[in-house]
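Report on one structure; see the data block that follows.
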Amino acid sequence: MRPNKAELIEMLSLSGKDELEELYKRAYEVKKAQVGTKVYFRGIIELSNICTKNCYYCGIRRDNANNNRYIMQKSEVLEEAEWAWKQNYGSIVLQAGEREDRWFISLVADLLEEIKSLSNGELGVTLSLGEQSEETLKLWQSAGAHRYLIRIETSNAELYRQLHPADHSFARRLETIRTLKRLGWQTGTGVMTGLPGQRAEDLAEDILFFYDEDIDMLGMGPFIPHKDTPLGHLVDGFDQEKALEAGLKLIATCRIALKDINIASTTALQALNPTGREMGLLAGANIIMPNITDVKYRASYQLYEGKPCLDENASQCVHCLERRIESIGEEIGYKQWGDSPHYLGRK
Ligand code: 5AD
Ligand code: SF4
Ligand code: FES
């Protein structure tokens, strides 16, 4: 059933401590019934911070000169993928800034084929590489990727326009999401909360957007200002606690409204509170994306400030995350792709 907008706004506007606890509990019950309490890992490899775009909020935007640009060596990516496979991770995510040049497109296709072959086809691969043509998406699909993440950032086209330069097109972003769906990708999107100018009503519309586009997975998180961006003036006066609360409320409301999709407890939550990702799981999320990028690159991949684990390598993070997940009585779904029941039901 299509969620009721007034009810969404009501949930998104809750603020008392008890009311919020109540909301998170309700979301957790829906999670238990719809997707269970197994947490699926997607090891994330931050392949490159080179980006052709210039989003006003992002620390690796093209015009930020305070950033060492890198692209990982192929062998490094393959080593990390193999490590994830040997750790029994069900899948990995390849993420990078946006670019659509031929060299990059074929690099990704090669990586996909090699990752599939080194893991006997067992490791699932999700891509998070921004807007791409239908031809490219088909190429990467046939090379072995099966899930794609591309956040809409906000479903309000006017707000989108305010947060991006004039040549960034909301319509093309939406079109990429629809093309992915049509080609049969398991498709994830998401938004940021706490964007300047965003209201509870916008977030309610975002949730209706997820419903109407029949989305399989969500990755959402609070906007955290970065000093070297056009929104850097918002660093002063940024309220971490409120931002965390808004992020958790959105996760809980999405779980209650959309039920059987996968929802990630994102690293941005942990940037705001050391136990932010556990809180996300308790508010209805069921996916964690441990960072498995070599530490030498991590400091250069800061989309927002305060990103955790800049000095902790992949195995330190995974043991830490294991303990965190056990601490809330949940279990890790090793060796499984953990596709969303929503997607499996649609198939
Ligand atoms: N704060 C929080 N999230 C951000 N992203 C980019 N910049 C920021 C920021 N300052 C998110 C965007 C993008 C994803 C990869 O990271 O939603 O889609
Ligand atoms: Fe590039 Fe994505 Fe950052 Fe925009 S949000 S500047 S597309 S990495
Ligand atoms: Fe990275 Fe704890 S999650 S060290």
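Letters A, B, ... go to the chains of the structure tokens in the order shown; residues in each chain start at 1; ligands are counted from 1 in the same order.
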(request) Please identify all polymer residues within 8 Å of A:Ala283, counting only C-alpha atoms, omitting same-chain residues fewer than 6 positions from it, and present them as a list in words. (result) Leu23, Tyr24, Lys25, Ala27, Tyr28, Leu248, Lys249, Ile251 and Ala252 of chain A
What does the file look like for those residues with all heavy atoms, as a CSV table (one decimal), in the first residue's frame?
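The result, written out as again33.csv:
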```csv
chain,number,residue,atom,x,y,z
A,23,LEU,N,9.3,4.9,18.2
A,23,LEU,CA,9.3,4.8,16.8
A,23,LEU,C,10.4,3.8,16.4
A,23,LEU,O,10.2,2.9,15.5
A,23,LEU,CB,9.7,6.2,16.2
A,23,LEU,CG,9.8,6.2,14.6
A,23,LEU,CD1,8.5,6.2,14.0
A,23,LEU,CD2,10.6,7.4,14.2
A,24,TYR,N,11.6,3.9,17.0
A,24,TYR,CA,12.7,2.9,16.7
A,24,TYR,C,12.3,1.5,17.0
A,24,TYR,O,12.5,0.6,16.2
A,24,TYR,CB,14.0,3.3,17.4
A,24,TYR,CG,14.5,4.7,17.2
A,24,TYR,CD1,15.2,5.4,18.1
A,24,TYR,CD2,14.2,5.4,16.0
A,24,TYR,CE1,15.7,6.7,17.9
A,24,TYR,CE2,14.6,6.7,15.7
A,24,TYR,CZ,15.4,7.3,16.7
A,24,TYR,OH,15.9,8.6,16.5
A,25,LYS,N,11.6,1.3,18.1
A,25,LYS,CA,11.1,0.0,18.5
A,25,LYS,C,10.1,-0.6,17.5
A,25,LYS,O,10.2,-1.7,17.1
A,25,LYS,CB,10.4,0.1,19.9
A,25,LYS,CG,11.4,-0.2,21.0
A,25,LYS,CD,10.6,-0.8,22.2
A,25,LYS,CE,11.5,-0.6,23.4
A,25,LYS,NZ,11.0,0.3,24.5
A,27,ALA,N,9.9,0.3,14.4
A,27,ALA,CA,10.6,0.0,13.1
A,27,ALA,C,11.4,-1.4,13.3
A,27,ALA,O,11.5,-2.2,12.3
A,27,ALA,CB,11.6,1.1,12.8
A,28,TYR,N,11.9,-1.6,14.5
A,28,TYR,CA,12.7,-2.8,14.7
A,28,TYR,C,11.8,-4.1,14.6
A,28,TYR,O,12.2,-5.1,14.1
A,28,TYR,CB,13.4,-2.8,16.1
A,28,TYR,CG,14.6,-3.8,16.1
A,28,TYR,CD1,15.8,-3.5,15.5
A,28,TYR,CD2,14.4,-5.0,16.8
A,28,TYR,CE1,16.8,-4.4,15.6
A,28,TYR,CE2,15.4,-5.9,16.9
A,28,TYR,CZ,16.6,-5.6,16.3
A,28,TYR,OH,17.7,-6.5,16.3
A,248,LEU,N,18.4,8.8,11.9
A,248,LEU,CA,17.8,7.6,12.5
A,248,LEU,C,16.3,7.6,12.3
A,248,LEU,O,15.7,6.5,12.0
A,248,LEU,CB,18.1,7.5,14.0
A,248,LEU,CG,19.5,7.3,14.4
A,248,LEU,CD1,19.7,7.4,15.9
A,248,LEU,CD2,20.1,5.9,13.9
A,249,LYS,N,15.7,8.8,12.4
A,249,LYS,CA,14.2,8.9,12.2
A,249,LYS,C,13.9,8.5,10.8
A,249,LYS,O,12.8,7.8,10.5
A,249,LYS,CB,13.8,10.3,12.4
A,249,LYS,CG,13.0,10.5,13.7
A,249,LYS,CD,12.3,11.9,13.7
A,249,LYS,CE,13.2,13.1,13.5
A,249,LYS,NZ,12.5,14.3,13.9
A,251,ILE,N,15.5,6.5,8.8
A,251,ILE,CA,15.7,5.0,8.6
A,251,ILE,C,14.4,4.3,9.2
A,251,ILE,O,13.8,3.4,8.5
A,251,ILE,CB,17.0,4.5,9.3
A,251,ILE,CG1,18.2,4.9,8.6
A,251,ILE,CG2,16.9,3.0,9.5
A,251,ILE,CD1,19.5,4.5,9.3
A,252,ALA,N,14.0,4.7,10.4
A,252,ALA,CA,12.9,4.0,11.0
A,252,ALA,C,11.6,4.2,10.2
A,252,ALA,O,10.9,3.3,10.0
A,252,ALA,CB,12.7,4.6,12.4
```
Please produce, as CSV, a per-residue contact table for chain A versus ligand 1 (criterion: any atom at most 6 Å away, only C-alpha atoms and all ligand atoms considered), showing the nearest atom pair and its distance in Å to one decimal, sorted by chain then residue number.
```
residue,atom,partner,partner_atom_place_in_ligand_line,distance
A:Tyr57,CA,ligand 1,10 (N),4.7
A:Cys58,CA,ligand 1,7 (N),3.7
A:Arg151,CA,ligand 1,18 (O),4.9
A:Glu153,CA,ligand 1,17 (O),5.3
A:Val191,CA,ligand 1,17 (O),5.9
A:Met192,CA,ligand 1,17 (O),5.6
A:Pro222,CA,ligand 1,2 (C),5.5
A:Phe223,CA,ligand 1,1 (N),3.7
A:Ile224,CA,ligand 1,1 (N),3.9
A:Pro225,CA,ligand 1,10 (N),4.8
A:His226,CA,ligand 1,10 (N),5.5
A:Leu303,CA,ligand 1,7 (N),4.6
A:Tyr304,CA,ligand 1,10 (N),4.1
```
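The interatomic distance for the pair atom CA of A:Ala143 and atom CA of A:Leu112 works out to 5.7 Å.
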(message) Using only C-alpha atoms and all ligand atoms, which residues have at least one atom no more than 6 Å from ligand 2? Output them as an MDAnalysis selection string.
(response) chainID A and resid 51 53:55 58 60:61 97:98
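Taking only C-alpha atoms and all ligand atoms into account, ligand 3 has within 6 Å the residues Cys309, Glu312, Gln316, Cys317, Cys320 and Leu321 of chain A.
Closest to A:Gly280 among A:Ala246, A:Phe209, A:Val125, A:Trp83 is A:Ala246, based on only C-alpha atoms.
Distance annotation: of A:Leu12, A:Met217, A:Val39, A:Ala271, the residue with the minimal separation from A:Gly333 is A:Val39; atom set is only C-alpha atoms.
If you measure from each of A:Ile9, A:Leu123, A:Ala166, A:Ala33 to A:Gln87 using only C-alpha atoms, the closest one turns out to be A:Leu123.
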(request) Mind listing the strand (DSSP E) residues of stretch 101-265 of chain A, per DSSP on the backbone, as number ranges by chain? (result) A: 124-128, 147-149, 186-189, 192-193, 217-222, 262-265
Include N, CA, C and O atoms and write out the residues we just selected as a short mmCIF file (atom, residue, chain, number, x, y, z; two decimals), in the first residue's frame.
```cif
data_model
loop_
_atom_site.label_atom_id
_atom_site.label_comp_id
_atom_site.auth_asym_id
_atom_site.auth_seq_id
_atom_site.Cartn_x
_atom_site.Cartn_y
_atom_site.Cartn_z
N GLY A 124 29.40 -11.16 -4.69
CA GLY A 124 28.48 -10.25 -5.38
C GLY A 124 29.13 -8.88 -5.51
O GLY A 124 29.88 -8.48 -4.62
N VAL A 125 28.88 -8.18 -6.60
CA VAL A 125 29.47 -6.85 -6.74
C VAL A 125 28.39 -5.80 -7.01
O VAL A 125 27.59 -5.93 -7.93
N THR A 126 28.42 -4.79 -6.16
CA THR A 126 27.54 -3.63 -6.30
C THR A 126 28.38 -2.48 -6.82
O THR A 126 29.53 -2.33 -6.40
N LEU A 127 27.84 -1.69 -7.73
CA LEU A 127 28.56 -0.51 -8.20
C LEU A 127 27.92 0.75 -7.66
O LEU A 127 26.69 0.82 -7.50
N SER A 128 28.75 1.74 -7.38
CA SER A 128 28.27 3.04 -6.92
C SER A 128 29.11 4.08 -7.66
O SER A 128 30.07 4.62 -7.12
N ARG A 147 24.13 -5.22 -8.58
CA ARG A 147 23.42 -4.18 -7.81
C ARG A 147 24.08 -2.84 -8.08
O ARG A 147 25.29 -2.77 -8.30
N TYR A 148 23.26 -1.78 -8.01
CA TYR A 148 23.78 -0.43 -8.28
C TYR A 148 23.18 0.54 -7.28
O TYR A 148 21.98 0.50 -7.01
N LEU A 149 24.04 1.40 -6.73
CA LEU A 149 23.57 2.43 -5.80
C LEU A 149 23.75 3.80 -6.43
O LEU A 149 24.85 4.14 -6.86
N GLN A 186 19.38 -4.76 -9.37
CA GLN A 186 18.85 -4.51 -8.04
C GLN A 186 19.30 -3.08 -7.71
O GLN A 186 20.50 -2.80 -7.71
N THR A 187 18.34 -2.23 -7.49
CA THR A 187 18.63 -0.80 -7.52
C THR A 187 18.47 -0.14 -6.16
O THR A 187 17.44 -0.30 -5.50
N GLY A 188 19.49 0.61 -5.78
CA GLY A 188 19.44 1.33 -4.51
C GLY A 188 19.54 2.82 -4.75
O GLY A 188 20.22 3.27 -5.66
N THR A 189 18.84 3.58 -3.92
CA THR A 189 18.99 5.02 -3.99
C THR A 189 19.01 5.56 -2.56
O THR A 189 19.25 4.80 -1.62
N MET A 192 19.99 12.58 1.49
CA MET A 192 20.58 13.08 2.73
C MET A 192 19.49 13.77 3.54
O MET A 192 18.56 14.33 2.96
N THR A 193 19.64 13.73 4.86
CA THR A 193 18.72 14.50 5.71
C THR A 193 19.45 15.75 6.18
O THR A 193 20.67 15.80 6.19
N MET A 217 16.80 -1.03 -2.42
CA MET A 217 17.72 -0.79 -1.31
C MET A 217 17.86 0.71 -1.07
O MET A 217 17.73 1.50 -2.01
N LEU A 218 18.17 1.06 0.17
CA LEU A 218 18.36 2.47 0.51
C LEU A 218 19.66 2.67 1.27
O LEU A 218 19.99 1.91 2.17
N GLY A 219 20.36 3.74 0.90
CA GLY A 219 21.51 4.20 1.67
C GLY A 219 21.27 5.68 1.93
O GLY A 219 21.18 6.47 1.00
N MET A 220 21.10 6.03 3.18
CA MET A 220 20.74 7.42 3.49
C MET A 220 21.57 7.86 4.68
O MET A 220 21.96 7.06 5.52
N GLY A 221 21.80 9.15 4.77
CA GLY A 221 22.55 9.62 5.92
C GLY A 221 22.41 11.11 6.07
O GLY A 221 22.00 11.80 5.14
N PRO A 222 22.78 11.59 7.27
CA PRO A 222 22.73 13.02 7.49
C PRO A 222 23.76 13.75 6.65
O PRO A 222 24.87 13.25 6.44
N ASN A 262 16.20 -3.52 1.59
CA ASN A 262 17.44 -3.45 2.37
C ASN A 262 17.73 -1.99 2.70
O ASN A 262 17.61 -1.12 1.83
N ILE A 263 18.13 -1.74 3.94
CA ILE A 263 18.47 -0.36 4.33
C ILE A 263 19.84 -0.38 5.00
O ILE A 263 20.08 -1.17 5.93
N ALA A 264 20.75 0.44 4.51
CA ALA A 264 22.10 0.48 5.08
C ALA A 264 22.17 1.40 6.28
O ALA A 264 21.55 2.45 6.32
N SER A 265 22.96 0.95 7.26
CA SER A 265 23.30 1.82 8.38
C SER A 265 24.63 2.45 7.99
O SER A 265 25.67 1.80 8.02
#
```
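Closest approach to A:Lys347 among A:Asn49, A:Leu8, A:Ile115, A:Lys181: A:Lys181, based on only C-alpha atoms.
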(message) List as a ChimeraX atom specification the protein and nucleic acid residues near A:Ser300, meaning an atom at most 10 Å away when only C-alpha atoms are counted, but skip any in the same chain fewer than 6 places from it.
(response) /A:46,48-49,59-60,66-70,310
(request) Within 6 Å of stretch 289-294 of chain A, counting only C-alpha atoms, which residues show up once you throw out same-chain ones fewer than 3 positions away? Write them as a ChimeraX atom specification, please. (result) /A:41-46,297,314
(request) Write out as a VMD selection string all residues of stretch 61-143 of chain A that DSSP puts in alpha helix (DSSP H) for this structure's backbone. (result) chain A and resid 74 to 86 102 to 118 134 to 142
Saved selection, atoms kept: N, CA and C atoms, as an mmCIF file, in the first residue's frame:
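Once everything was written out, this is result_5.cif:
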```cif
data_model
loop_
_atom_site.group_PDB
_atom_site.id
_atom_site.type_symbol
_atom_site.label_atom_id
_atom_site.label_comp_id
_atom_site.auth_asym_id
_atom_site.auth_seq_id
_atom_site.Cartn_x
_atom_site.Cartn_y
_atom_site.Cartn_z
ATOM 1 N N LYS A 74 44.875 -1.538 -10.330
ATOM 2 C CA LYS A 74 44.020 -2.705 -10.510
ATOM 3 C C LYS A 74 44.364 -3.826 -9.525
ATOM 4 N N SER A 75 45.670 -4.061 -9.376
ATOM 5 C CA SER A 75 46.087 -5.160 -8.494
ATOM 6 C C SER A 75 45.646 -4.906 -7.050
ATOM 7 N N GLU A 76 45.623 -3.629 -6.654
ATOM 8 C CA GLU A 76 45.198 -3.306 -5.284
ATOM 9 C C GLU A 76 43.708 -3.609 -5.093
ATOM 10 N N VAL A 77 42.928 -3.261 -6.095
ATOM 11 C CA VAL A 77 41.486 -3.518 -6.007
ATOM 12 C C VAL A 77 41.241 -5.027 -5.919
ATOM 13 N N LEU A 78 41.955 -5.765 -6.759
ATOM 14 C CA LEU A 78 41.741 -7.217 -6.787
ATOM 15 C C LEU A 78 42.169 -7.858 -5.460
ATOM 16 N N GLU A 79 43.258 -7.348 -4.886
ATOM 17 C CA GLU A 79 43.697 -7.878 -3.588
ATOM 18 C C GLU A 79 42.630 -7.659 -2.514
ATOM 19 N N GLU A 80 42.053 -6.455 -2.531
ATOM 20 C CA GLU A 80 41.040 -6.155 -1.510
ATOM 21 C C GLU A 80 39.781 -6.995 -1.724
ATOM 22 N N ALA A 81 39.425 -7.185 -2.998
ATOM 23 C CA ALA A 81 38.248 -8.007 -3.288
ATOM 24 C C ALA A 81 38.492 -9.446 -2.826
ATOM 25 N N GLU A 82 39.696 -9.936 -3.092
ATOM 26 C CA GLU A 82 40.012 -11.305 -2.706
ATOM 27 C C GLU A 82 40.001 -11.451 -1.181
ATOM 28 N N TRP A 83 40.524 -10.428 -0.519
ATOM 29 C CA TRP A 83 40.513 -10.437 0.948
ATOM 30 C C TRP A 83 39.067 -10.560 1.448
ATOM 31 N N ALA A 84 38.171 -9.762 0.868
ATOM 32 C CA ALA A 84 36.755 -9.774 1.297
ATOM 33 C C ALA A 84 36.147 -11.164 1.074
ATOM 34 N N TRP A 85 36.480 -11.745 -0.066
ATOM 35 C CA TRP A 85 35.944 -13.078 -0.385
ATOM 36 C C TRP A 85 36.448 -14.114 0.624
ATOM 37 N N LYS A 86 37.763 -14.027 0.942
ATOM 38 C CA LYS A 86 38.336 -14.976 1.914
ATOM 39 C C LYS A 86 37.788 -14.775 3.320
ATOM 40 N N ARG A 102 35.895 6.561 -21.600
ATOM 41 C CA ARG A 102 36.052 5.176 -22.077
ATOM 42 C C ARG A 102 37.048 4.367 -21.257
ATOM 43 N N TRP A 103 38.176 5.015 -20.918
ATOM 44 C CA TRP A 103 39.218 4.297 -20.182
ATOM 45 C C TRP A 103 38.671 3.774 -18.852
ATOM 46 N N PHE A 104 37.951 4.655 -18.144
ATOM 47 C CA PHE A 104 37.412 4.275 -16.843
ATOM 48 C C PHE A 104 36.347 3.190 -16.991
ATOM 49 N N ILE A 105 35.496 3.358 -17.988
ATOM 50 C CA ILE A 105 34.415 2.388 -18.203
ATOM 51 C C ILE A 105 34.993 0.986 -18.454
ATOM 52 N N SER A 106 36.056 0.932 -19.242
ATOM 53 C CA SER A 106 36.579 -0.412 -19.511
ATOM 54 C C SER A 106 37.402 -0.933 -18.327
ATOM 55 N N LEU A 107 38.011 -0.028 -17.564
ATOM 56 C CA LEU A 107 38.695 -0.476 -16.345
ATOM 57 C C LEU A 107 37.694 -1.192 -15.413
ATOM 58 N N VAL A 108 36.529 -0.577 -15.220
ATOM 59 C CA VAL A 108 35.532 -1.171 -14.328
ATOM 60 C C VAL A 108 35.069 -2.527 -14.878
ATOM 61 N N ALA A 109 34.859 -2.593 -16.186
ATOM 62 C CA ALA A 109 34.426 -3.865 -16.777
ATOM 63 C C ALA A 109 35.490 -4.948 -16.535
ATOM 64 N N ASP A 110 36.762 -4.592 -16.717
ATOM 65 C CA ASP A 110 37.848 -5.560 -16.483
ATOM 66 C C ASP A 110 37.864 -6.014 -15.024
ATOM 67 N N LEU A 111 37.733 -5.040 -14.131
ATOM 68 C CA LEU A 111 37.759 -5.378 -12.700
ATOM 69 C C LEU A 111 36.633 -6.349 -12.364
ATOM 70 N N LEU A 112 35.460 -6.085 -12.915
ATOM 71 C CA LEU A 112 34.318 -6.950 -12.626
ATOM 72 C C LEU A 112 34.601 -8.378 -13.063
ATOM 73 N N GLU A 113 35.129 -8.509 -14.265
ATOM 74 C CA GLU A 113 35.391 -9.862 -14.763
ATOM 75 C C GLU A 113 36.427 -10.581 -13.912
ATOM 76 N N GLU A 114 37.456 -9.830 -13.520
ATOM 77 C CA GLU A 114 38.496 -10.475 -12.717
ATOM 78 C C GLU A 114 38.017 -10.821 -11.303
ATOM 79 N N ILE A 115 37.190 -9.957 -10.744
ATOM 80 C CA ILE A 115 36.676 -10.233 -9.394
ATOM 81 C C ILE A 115 35.780 -11.468 -9.430
ATOM 82 N N LYS A 116 34.952 -11.530 -10.456
ATOM 83 C CA LYS A 116 34.077 -12.696 -10.586
ATOM 84 C C LYS A 116 34.918 -13.960 -10.713
ATOM 85 N N SER A 117 35.986 -13.891 -11.503
ATOM 86 C CA SER A 117 36.743 -15.119 -11.740
ATOM 87 C C SER A 117 37.581 -15.495 -10.508
ATOM 88 N N LEU A 118 38.158 -14.506 -9.816
ATOM 89 C CA LEU A 118 38.971 -14.888 -8.643
ATOM 90 C C LEU A 118 38.130 -15.460 -7.505
ATOM 91 N N GLU A 134 23.032 4.054 -20.741
ATOM 92 C CA GLU A 134 22.448 2.713 -20.784
ATOM 93 C C GLU A 134 23.467 1.695 -21.305
ATOM 94 N N GLU A 135 24.227 2.120 -22.305
ATOM 95 C CA GLU A 135 25.234 1.225 -22.896
ATOM 96 C C GLU A 135 26.259 0.785 -21.839
ATOM 97 N N THR A 136 26.726 1.734 -21.050
ATOM 98 C CA THR A 136 27.703 1.410 -20.002
ATOM 99 C C THR A 136 27.086 0.484 -18.948
ATOM 100 N N LEU A 137 25.861 0.790 -18.571
ATOM 101 C CA LEU A 137 25.223 -0.047 -17.547
ATOM 102 C C LEU A 137 25.044 -1.479 -18.042
ATOM 103 N N LYS A 138 24.759 -1.602 -19.336
ATOM 104 C CA LYS A 138 24.620 -2.957 -19.907
ATOM 105 C C LYS A 138 25.964 -3.682 -19.909
ATOM 106 N N LEU A 139 27.015 -2.937 -20.257
ATOM 107 C CA LEU A 139 28.358 -3.535 -20.290
ATOM 108 C C LEU A 139 28.750 -4.045 -18.898
ATOM 109 N N TRP A 140 28.540 -3.216 -17.901
ATOM 110 C CA TRP A 140 28.930 -3.597 -16.528
ATOM 111 C C TRP A 140 28.054 -4.727 -16.000
ATOM 112 N N GLN A 141 26.820 -4.745 -16.445
ATOM 113 C CA GLN A 141 25.930 -5.833 -16.025
ATOM 114 C C GLN A 141 26.415 -7.152 -16.623
ATOM 115 N N SER A 142 26.782 -7.101 -17.894
ATOM 116 C CA SER A 142 27.217 -8.372 -18.494
ATOM 117 C C SER A 142 28.598 -8.769 -17.970
#
```
(request) For stretch 327-332 of chain A, work out the shell of residues within 8 Å, counting only C-alpha atoms and skipping chain neighbours fewer than 2 positions away, then give it as a ChimeraX atom specification. (result) /A:37-41,278,282,322-325,334
Please produce a file of those selected residues containing N, CA and C atoms, as a PDB file, in the first residue's frame.
```
ATOM      1  N   THR A  37      17.026 -10.421  11.500  1.00  0.00           N
ATOM      2  CA  THR A  37      18.043  -9.644  12.219  1.00  0.00           C
ATOM      3  C   THR A  37      19.456 -10.053  11.818  1.00  0.00           C
ATOM      4  N   LYS A  38      19.580 -10.633  10.614  1.00  0.00           N
ATOM      5  CA  LYS A  38      20.922 -10.879  10.089  1.00  0.00           C
ATOM      6  C   LYS A  38      21.410  -9.606   9.428  1.00  0.00           C
ATOM      7  N   VAL A  39      22.659  -9.241   9.721  1.00  0.00           N
ATOM      8  CA  VAL A  39      23.242  -8.059   9.100  1.00  0.00           C
ATOM      9  C   VAL A  39      24.118  -8.523   7.942  1.00  0.00           C
ATOM     10  N   TYR A  40      23.915  -7.956   6.766  1.00  0.00           N
ATOM     11  CA  TYR A  40      24.760  -8.321   5.630  1.00  0.00           C
ATOM     12  C   TYR A  40      25.846  -7.285   5.433  1.00  0.00           C
ATOM     13  N   PHE A  41      27.060  -7.794   5.167  1.00  0.00           N
ATOM     14  CA  PHE A  41      28.210  -6.923   4.928  1.00  0.00           C
ATOM     15  C   PHE A  41      28.413  -6.687   3.443  1.00  0.00           C
ATOM     16  N   GLU A 278      25.390   1.129  15.105  1.00  0.00           N
ATOM     17  CA  GLU A 278      24.544   0.201  15.872  1.00  0.00           C
ATOM     18  C   GLU A 278      23.153   0.809  16.053  1.00  0.00           C
ATOM     19  N   LEU A 282      19.423  -0.671  15.068  1.00  0.00           N
ATOM     20  CA  LEU A 282      18.310  -0.760  16.020  1.00  0.00           C
ATOM     21  C   LEU A 282      17.111   0.084  15.578  1.00  0.00           C
ATOM     22  N   GLU A 322      32.208  -6.617  14.061  1.00  0.00           N
ATOM     23  CA  GLU A 322      31.647  -7.876  14.573  1.00  0.00           C
ATOM     24  C   GLU A 322      31.215  -7.718  16.024  1.00  0.00           C
ATOM     25  N   ARG A 323      32.123  -7.125  16.810  1.00  0.00           N
ATOM     26  CA  ARG A 323      31.803  -6.917  18.233  1.00  0.00           C
ATOM     27  C   ARG A 323      30.588  -6.009  18.393  1.00  0.00           C
ATOM     28  N   ARG A 324      30.542  -4.962  17.565  1.00  0.00           N
ATOM     29  CA  ARG A 324      29.435  -4.012  17.676  1.00  0.00           C
ATOM     30  C   ARG A 324      28.098  -4.694  17.375  1.00  0.00           C
ATOM     31  N   ILE A 325      28.122  -5.560  16.371  1.00  0.00           N
ATOM     32  CA  ILE A 325      26.878  -6.215  15.971  1.00  0.00           C
ATOM     33  C   ILE A 325      26.443  -7.241  17.022  1.00  0.00           C
ATOM     34  N   TYR A 334      27.292 -14.120   6.823  1.00  0.00           N
ATOM     35  CA  TYR A 334      28.464 -14.368   5.991  1.00  0.00           C
ATOM     36  C   TYR A 334      28.122 -15.220   4.768  1.00  0.00           C
TER      37      TYR A 334
END
```
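Counting from atom CA of A:Asn88, the distance to atom CA of A:Leu344 is 22.0 Å.
Minimum atom-to-atom distance to A:Asp206, evaluated using only C-alpha atoms, belongs to A:Ile152 out of A:Ile152, A:Ser133, A:Lys17, A:Glu241.
Using only C-alpha atoms, the residues found no farther than 10 Å from A:Glu175, other than those of its own chain fewer than 3 positions away, are Glu131, Gln132, Ser133, Glu134, Ser169, Phe170, Ala171, Arg172, Arg178, Thr179, Leu180 and Lys181 of chain A.
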